[in-house]
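One structure below.
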Amino acid sequence: MSLRQRLAQLVGRLQDPQKVARFQRLCGVEAPPRRSADPREDEKAEAPLAGDPRLRGRPPGAPGGPQPPGSDRNQCPAKPDGGGAPNGVRNGLAAELGPASPRRAGALRRNSLTGEEGQLARVSNWPLYCLFCFGTELGNELFYILFFPFWIWNLDPLVGRRLVVIWVLVMYLGQCTKDIIRWPRPASPPVVKLEVFYNSEYSMPSTHAMSGTAIPISMVLLTYGRWQYPLTYGLILIPCWCSLVCLSRIYMGMHSILDIIAGFLYTILILVVFYPFVDLIDNFNQTHKYAPLIIIGLHLALGIFSFTLDTWSTSRGDTAEILGSGAGIACGSHVTYNMGLVLDPSLDRLPLAGPPITMTVFGKAILRILIGMVFVLIVRDVMKKITIPLACKIFSIPCDDIRKARQHMEVELPYRYITYGMVGFSITFFVPYIFFFIGIS
């Protein structure tokens, strides 16, 4: 057998959805009972559970339920030879019966655009379920919108800015690679889809795995030598963070083992190639006279390129959100630097030592987080209310139903880019200015 054939066999084994299903069963996740061929019998069987709001009716976009307008554009077709099922489609329920369990788990997250929900499943190991729910949240918007501001406002703005540069680069390349390779998510059955928020995107590589690899490694690279702490702490953090995020994606039924390995290795390659330029990029963003124009133009150009790679899916909006956030944070750091609001410590003060944790220090940190996040959420809400109706008006799209309107690329992309651009700008300029004004910088 040639090396090529052996590699093809290995790829096939690592991509096998049965291995994902086996890992889920090992962790205590079992598929619900097989549905009967007669829908009326299913309705009778589900009648005792009608009190659960997650089970009332079929969500829009689910098989057998009403399809939302534009939902065909949220389905990424599988490659003819790639196996699996099309992305963005609930592939049915697993046919095998698992051991009975007194408790069930519903959808971890609901796709706000397609209305799709995760499958109900029997979960016998609830500590593992909670752990992997936490792990998958380490790659979702809620985590990012708390994590990066916390670094910029409370810990080290330089490290926070450069983490954002790396995150934008890694996530952008990951999203574009998905749309070039176009491999589907693991088929269900046999896999149980506990989460479907990203189900309309392609699978290879896992951008959760990429983010879960890039962030802890970059944190250690950026802070070791700049801050005083034992390297052992960083060497413990990296495998714990990375393995938790990666395993959580297999547990949720969203990725094959091959997707995870590819995401990890791809991130290492990106860091090896681009990490040496992070300092240069950050210094350019802060100091170059025309940096804001170049930043906005470059991020728009990258967005336009990526949006032409494939048919519409939720990954287009995610890419616009990533690029908008990166552009906003970079532009905000430029304005902040030139106004002298936030100045990085001089090199002769390195390595930095953490300040003693007193009630004053702790109180100011909590106050900065509360004030900052309230302001950021207000900005996001205001921009959403402005950009969506404006885009609908410009492109003559009805905006009576916001969810339906957002299924149009002409609405979703400007909304995500402009809104999260302003969110990023607020994080690095407006909020630090408020802190400076009220004296809690």
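Letters A, B, ... mark the chains of the structure tokens in the order given; residue numbers begin at 1 per chain; ligand numbers begin at 1, in order shown.
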Report as CSV: every residue of region 138-202 of chain A with an atom at most 12 Å from region 375-396 of chain A, its closest pair of atoms, and their distance in Å to one decimal, counting only C-alpha atoms, with rows sorted by chain and ascending residue number.
```
residue,atom,partner,partner_atom,distance
A:Leu142,CA,A:Leu377,CA,11.4
A:Ile145,CA,A:Val376,CA,9.0
A:Leu146,CA,A:Val376,CA,10.3
A:Pro149,CA,A:Val376,CA,9.7
```
Counting only C-alpha atoms, which residues of region 329-433 of chain A fall within 8 Å of region 318-323 of chain A, and what is the closest atom pair for each with its distance in Å at one decimal, ordered by chain and rising number, as a Markdown table?
```
| residue | atom | partner | partner_atom | distance |
| --- | --- | --- | --- | --- |
| A:Leu413 | CA | A:Ala320 | CA | 5.9 |
| A:Pro414 | CA | A:Ala320 | CA | 7.9 |
| A:Arg416 | CA | A:Glu321 | CA | 5.0 |
| A:Tyr417 | CA | A:Ala320 | CA | 5.0 |
| A:Tyr420 | CA | A:Glu321 | CA | 5.8 |
| A:Gly421 | CA | A:Glu321 | CA | 7.8 |
```
Would you please work out which residue, of A:Arg122, A:His255, A:Lys193, A:Arg249, is nearest to Leu14 (chain A) when using only C-alpha atoms? A:His255
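CA of Pro345 (chain A) is found 21.4 Å from CA of Thr360 (chain A).
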Just checking: using only C-alpha atoms, which residue out of A:Ile166, A:Lys364, A:Glu30, A:Met339 ends up closest to Val273 (chain A)? A:Ile166
Please identify all polymer residues within 7 Å of region 157-162 of chain A, counting only C-alpha atoms, omitting same-chain residues fewer than 4 positions from it, and present them as a ChimeraX atom specification. /A:148,151-153,166,222,278,282,344
Could you turn the residues from that selection into a file that holds N, CA and C atoms, as a PDB file, in the first residue's frame?
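Produced file selection12.pdb, reproduced below:
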```pdb
ATOM      1  N   PHE A 148     -11.582  40.086  25.596  1.00  0.00           N
ATOM      2  CA  PHE A 148     -10.696  41.120  25.059  1.00  0.00           C
ATOM      3  C   PHE A 148     -10.832  42.457  25.797  1.00  0.00           C
ATOM      4  N   TRP A 151      -8.880  42.354  29.137  1.00  0.00           N
ATOM      5  CA  TRP A 151      -7.448  42.556  28.969  1.00  0.00           C
ATOM      6  C   TRP A 151      -7.134  44.034  28.741  1.00  0.00           C
ATOM      7  N   ILE A 152      -7.885  44.684  27.858  1.00  0.00           N
ATOM      8  CA  ILE A 152      -7.588  46.063  27.471  1.00  0.00           C
ATOM      9  C   ILE A 152      -7.879  47.033  28.606  1.00  0.00           C
ATOM     10  N   TRP A 153      -8.943  46.801  29.378  1.00  0.00           N
ATOM     11  CA  TRP A 153      -9.332  47.742  30.423  1.00  0.00           C
ATOM     12  C   TRP A 153      -8.630  47.493  31.752  1.00  0.00           C
ATOM     13  N   ILE A 166      -4.004  38.764  16.427  1.00  0.00           N
ATOM     14  CA  ILE A 166      -3.808  37.332  16.157  1.00  0.00           C
ATOM     15  C   ILE A 166      -5.145  36.637  15.960  1.00  0.00           C
ATOM     16  N   LEU A 222       2.995  36.450  24.509  1.00  0.00           N
ATOM     17  CA  LEU A 222       2.957  37.904  24.685  1.00  0.00           C
ATOM     18  C   LEU A 222       3.256  38.348  26.114  1.00  0.00           C
ATOM     19  N   VAL A 278       3.489  40.632  14.518  1.00  0.00           N
ATOM     20  CA  VAL A 278       2.420  41.191  15.346  1.00  0.00           C
ATOM     21  C   VAL A 278       2.828  42.541  15.942  1.00  0.00           C
ATOM     22  N   ASP A 282       0.869  46.105  15.270  1.00  0.00           N
ATOM     23  CA  ASP A 282       0.312  46.903  16.355  1.00  0.00           C
ATOM     24  C   ASP A 282       0.922  48.306  16.387  1.00  0.00           C
ATOM     25  N   ASP A 344       1.436  52.684  26.885  1.00  0.00           N
ATOM     26  CA  ASP A 344       2.068  51.447  27.331  1.00  0.00           C
ATOM     27  C   ASP A 344       3.288  51.770  28.186  1.00  0.00           C
TER      28      ASP A 344
END
```
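With only C-alpha atoms as the atoms that count, the residue of A:Met422, A:Ala209, A:Val170, A:Cys399 with the shortest distance to Gly328 (chain A) is A:Met422.
Of the listed residues A:Asn285, A:Ser333, A:Asn125, A:Thr267, the one whose atoms come nearest to Ile217 (chain A) is A:Thr267, with distances taken using only C-alpha atoms.
Among A:Gly135, A:Pro432, A:Phe150, A:Arg4, the residue with the shortest atom-to-atom distance to Leu343 (chain A), counting only C-alpha atoms, is A:Pro432.
For the choices A:Ile304, A:Asn283, A:Ile294, A:Ile257, the atom-to-atom distance to Arg316 (chain A) is smallest for A:Ile304 when using only C-alpha atoms.
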